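> Before I ask anything, here is the structure I am working with.
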Amino acid sequence: ALDDSPWDTPPSSIRVVRGVRLTVIDDGRAQDIYTTQPDVGGALASAGITLYLADRVTPGFGALVSAGMTIRIERSVPVTVRVDGRELDARARGPLVGDALASIGIAPVGLDYTIPDLDDPLEPEMVIEVVRVGEEIVIEREPVPFETLQRPDPALTPGEQRVIQAGAEGERERRVRVRTENGREVSRVVEDEVIVQTPVPRVIAVGE
């Protein structure tokens with residue numbers, strides 16, 4: 001009866017929205033869903049499929065749905081990243097450790113390396129450490145001791161000594177490659193060294 005209707009007057013037209021069938025491949029597992037939503041985001045939400053911000057959906061949320069469409073979901077997993085003195089809890093996508101770091105915007109540069117290795121498979125709850133590696137050339141200098149020479153001098157009495165030349169230290173220069181990991185020195189390698197100032201021997205005259 002019209003008295004039981006929630007409207008004062010009966011509707012003049014009724015719009016029928018037909019659902020379409022979509023296939024959702026969620027981390028390799030396929031399921032069919034039916035939706036009346038116009039876009040991918042709405043279709044997934046109405047189907048009760050929970051997504052994280054780091055998950056990848058193809059085609060994107062704003063794409064219009066069509067019958068028979070396939071939607072692929074690449075799931076992220078929780079990871080902990082230790083980098084630059086911080087510990088970050090995040091969600092990342094694999095399949096490898098390197099892919100996971102790239103998906104959250106962290107990348108080794110130069111000589112940096114990771115533990116586990118970049119090519120290792122990504123696993124949920126994995127702890128990934130990014131080791132920042134630096135190298136620099138340091139110039140080191142050190143004195144070169146002089147030697148003492150004795151020369152016989154018949155003009156002196158036996159046992160008498162006289163300094164003819166005082167002597168002077170020389171100087172050695174080294175080029176050293178210093179490697180640091182996360183700001184701490186881990187190795188020093190001498191690249192080359194050269195005498196930049198030759199020592200002058202000390203000369204002593206000795207009576208015979």
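Going through the structure tokens in order, the chains are called A, B, and so on, while each chain numbers its residues from 1 and the ligands are numbered from 1 in the order shown.
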Which polymer residues have any atom within 10 Å of an atom of range 54-64 of chain A, counting only C-alpha atoms, with same-chain residues fewer than 6 positions away left out, as JSON, numbers by chain?
{"A": [24, 25, 26, 37, 38, 39, 40, 41, 42, 43, 44, 70, 71, 72, 73, 74, 75, 76, 77, 78, 90, 91, 92, 93, 103, 104]}
> For the selection you just gave me, I'd like the residues written to a file as an mmCIF file, in the first residue's frame, keeping N, CA, C and O atoms.

data_model
loop_
_atom_site.group_PDB
_atom_site.id
_atom_site.type_symbol
_atom_site.label_atom_id
_atom_site.label_comp_id
_atom_site.auth_asym_id
_atom_site.auth_seq_id
_atom_site.Cartn_x
_atom_site.Cartn_y
_atom_site.Cartn_z
ATOM 1 N N VAL A 24 40.065 -10.491 -9.486
ATOM 2 C CA VAL A 24 41.103 -9.865 -8.667
ATOM 3 C C VAL A 24 42.179 -10.904 -8.389
ATOM 4 O O VAL A 24 41.896 -11.979 -7.832
ATOM 5 N N ILE A 25 43.414 -10.612 -8.797
ATOM 6 C CA ILE A 25 44.552 -11.481 -8.502
ATOM 7 C C ILE A 25 45.331 -10.825 -7.374
ATOM 8 O O ILE A 25 46.028 -9.827 -7.576
ATOM 9 N N ASP A 26 45.150 -11.356 -6.186
ATOM 10 C CA ASP A 26 45.706 -10.775 -4.966
ATOM 11 C C ASP A 26 46.925 -11.582 -4.538
ATOM 12 O O ASP A 26 46.803 -12.676 -3.984
ATOM 13 N N GLN A 37 30.230 -0.556 -8.618
ATOM 14 C CA GLN A 37 31.031 0.655 -8.485
ATOM 15 C C GLN A 37 31.657 1.028 -9.830
ATOM 16 O O GLN A 37 32.006 0.145 -10.620
ATOM 17 N N PRO A 38 31.843 2.317 -10.082
ATOM 18 C CA PRO A 38 32.351 2.725 -11.400
ATOM 19 C C PRO A 38 33.867 2.591 -11.561
ATOM 20 O O PRO A 38 34.351 2.508 -12.691
ATOM 21 N N ASP A 39 34.623 2.594 -10.438
ATOM 22 C CA ASP A 39 36.081 2.573 -10.566
ATOM 23 C C ASP A 39 36.691 1.449 -9.740
ATOM 24 O O ASP A 39 36.032 0.812 -8.909
ATOM 25 N N VAL A 40 37.977 1.224 -9.978
ATOM 26 C CA VAL A 40 38.684 0.114 -9.334
ATOM 27 C C VAL A 40 38.711 0.284 -7.820
ATOM 28 O O VAL A 40 38.470 -0.670 -7.059
ATOM 29 N N GLY A 41 39.011 1.503 -7.341
ATOM 30 C CA GLY A 41 39.069 1.737 -5.905
ATOM 31 C C GLY A 41 37.758 1.400 -5.228
ATOM 32 O O GLY A 41 37.729 0.738 -4.181
ATOM 33 N N GLY A 42 36.655 1.864 -5.809
ATOM 34 C CA GLY A 42 35.337 1.581 -5.236
ATOM 35 C C GLY A 42 35.004 0.110 -5.273
ATOM 36 O O GLY A 42 34.405 -0.435 -4.332
ATOM 37 N N ALA A 43 35.376 -0.562 -6.373
ATOM 38 C CA ALA A 43 35.100 -1.995 -6.503
ATOM 39 C C ALA A 43 35.817 -2.801 -5.424
ATOM 40 O O ALA A 43 35.234 -3.688 -4.798
ATOM 41 N N LEU A 44 37.077 -2.485 -5.177
ATOM 42 C CA LEU A 44 37.835 -3.216 -4.158
ATOM 43 C C LEU A 44 37.299 -2.928 -2.766
ATOM 44 O O LEU A 44 37.190 -3.828 -1.926
ATOM 45 N N THR A 70 40.644 -7.574 -15.228
ATOM 46 C CA THR A 70 41.504 -8.217 -14.239
ATOM 47 C C THR A 70 42.248 -7.146 -13.458
ATOM 48 O O THR A 70 42.881 -6.269 -14.039
ATOM 49 N N ILE A 71 42.141 -7.203 -12.148
ATOM 50 C CA ILE A 71 42.827 -6.268 -11.260
ATOM 51 C C ILE A 71 43.909 -7.047 -10.510
ATOM 52 O O ILE A 71 43.622 -8.079 -9.898
ATOM 53 N N ARG A 72 45.119 -6.557 -10.566
ATOM 54 C CA ARG A 72 46.230 -7.236 -9.895
ATOM 55 C C ARG A 72 46.672 -6.423 -8.678
ATOM 56 O O ARG A 72 46.861 -5.209 -8.769
ATOM 57 N N ILE A 73 46.847 -7.126 -7.558
ATOM 58 C CA ILE A 73 47.306 -6.497 -6.321
ATOM 59 C C ILE A 73 48.645 -7.112 -5.930
ATOM 60 O O ILE A 73 48.751 -8.328 -5.758
ATOM 61 N N GLU A 74 49.668 -6.256 -5.865
ATOM 62 C CA GLU A 74 50.987 -6.695 -5.401
ATOM 63 C C GLU A 74 51.130 -6.222 -3.961
ATOM 64 O O GLU A 74 51.200 -5.025 -3.684
ATOM 65 N N ARG A 75 51.143 -7.175 -3.046
ATOM 66 C CA ARG A 75 51.113 -6.842 -1.628
ATOM 67 C C ARG A 75 52.481 -6.420 -1.094
ATOM 68 O O ARG A 75 53.520 -6.960 -1.475
ATOM 69 N N SER A 76 52.454 -5.472 -0.177
ATOM 70 C CA SER A 76 53.656 -5.090 0.556
ATOM 71 C C SER A 76 53.729 -5.923 1.834
ATOM 72 O O SER A 76 52.738 -6.513 2.266
ATOM 73 N N VAL A 77 54.919 -5.976 2.423
ATOM 74 C CA VAL A 77 55.111 -6.713 3.671
ATOM 75 C C VAL A 77 55.786 -5.788 4.680
ATOM 76 O O VAL A 77 56.501 -4.862 4.302
ATOM 77 N N PRO A 78 55.560 -6.027 5.980
ATOM 78 C CA PRO A 78 56.216 -5.178 6.990
ATOM 79 C C PRO A 78 57.710 -5.477 7.081
ATOM 80 O O PRO A 78 58.127 -6.637 7.083
ATOM 81 N N ALA A 90 58.269 0.035 8.207
ATOM 82 C CA ALA A 90 57.567 0.401 6.976
ATOM 83 C C ALA A 90 56.995 -0.853 6.334
ATOM 84 O O ALA A 90 57.213 -1.976 6.798
ATOM 85 N N ARG A 91 56.251 -0.629 5.268
ATOM 86 C CA ARG A 91 55.785 -1.729 4.416
ATOM 87 C C ARG A 91 56.453 -1.550 3.062
ATOM 88 O O ARG A 91 56.551 -0.432 2.558
ATOM 89 N N ALA A 92 56.913 -2.650 2.481
ATOM 90 C CA ALA A 92 57.671 -2.573 1.234
ATOM 91 C C ALA A 92 57.294 -3.733 0.327
ATOM 92 O O ALA A 92 56.777 -4.757 0.780
ATOM 93 N N ARG A 93 57.585 -3.558 -0.962
ATOM 94 C CA ARG A 93 57.303 -4.596 -1.952
ATOM 95 C C ARG A 93 58.596 -5.222 -2.447
ATOM 96 O O ARG A 93 59.607 -4.549 -2.578
ATOM 97 N N SER A 103 61.114 0.659 -3.165
ATOM 98 C CA SER A 103 59.694 0.954 -3.036
ATOM 99 C C SER A 103 59.402 1.934 -1.908
ATOM 100 O O SER A 103 58.361 2.593 -1.914
ATOM 101 N N ILE A 104 60.315 2.061 -0.930
ATOM 102 C CA ILE A 104 60.097 3.025 0.158
ATOM 103 C C ILE A 104 61.054 4.212 0.062
ATOM 104 O O ILE A 104 61.160 5.008 0.987
#
> Give me, as a list of chain:residue names, all polymer residues having an atom no more than 7 Å from Val200 in chain A, counting only C-alpha atoms and skipping those fewer than 6 positions away in the same chain.
A:Phe146, A:Gly167, A:Ala168, A:Glu169
> Produce a file of the selected residues containing C-alpha atoms, as a PDB file, in the first residue's frame.

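Written output follows (part.pdb):
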ATOM      1  CA  PHE A 146     118.976  10.896  10.210  1.00  0.00           C
ATOM      2  CA  GLY A 167     122.229  16.502  10.994  1.00  0.00           C
ATOM      3  CA  ALA A 168     118.531  17.066  10.270  1.00  0.00           C
ATOM      4  CA  GLU A 169     115.484  14.839  10.022  1.00  0.00           C
TER       5      GLU A 169
END
> DSSP on the backbone: what in range 37-169 of chain A comes out alpha helix (DSSP H), as number ranges by chain?
A: 40-46, 97-103
> Which residues are near Ile33 in chain A? Cut-off 7 Å, only C-alpha atoms, ignore same chain within fewer than 6 positions. Put them as a ChimeraX atom specification.
/A:21-23,47
> To one decimal in Å, tell me the separation between CA of Pro121 in chain A and CA of Leu53 in chain A.
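A separation of 21.5 Å between them.
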> Going by DSSP on the backbone, which bits of range 88-195 of chain A are strand (DSSP E or B)? Write them as a PyMOL selection string, please.
chain A and resi 88-92+96+113-115+121+126-131+133-144+148-152+161-165+168+170-181+184-195
> Which is closest to Arg179 in chain A among A:Gly48, A:Gly134, A:Gly68, A:Gly94, if we use only C-alpha atoms?
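Residue with the minimum atom-to-atom distance to Arg179 in chain A: A:Gly134.
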> Using only C-alpha atoms, find the one residue out of A:Asp153, A:Asp89, A:Glu136, A:Glu171 that sits nearest to Val190 in chain A.
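The answer is A:Glu136, which sits nearest to Val190 in chain A.
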> Counting only C-alpha atoms, which residue out of A:Val189, A:Asp117, A:Ser46, A:Val130 sits closest to Glu87 in chain A?
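Once distances to Glu87 in chain A are computed over only C-alpha atoms, the minimum belongs to A:Val130.
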> Would you kindly return, as a PyMOL selection string, each protein, DNA or RNA residue with an atom no farther than 12 Å from any atom of Arg86 in chain A, considering only C-alpha atoms and excluding same-chain residues fewer than 2 positions away?
chain A and resi 80-84+88-89+128-131+182
> Just checking: using only C-alpha atoms, which residue out of A:Val186, A:Ala100, A:Ile137, A:Leu156 ends up closest to Arg174 in chain A?
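The shortest atom-to-atom distance to Arg174 in chain A comes from A:Ile137.
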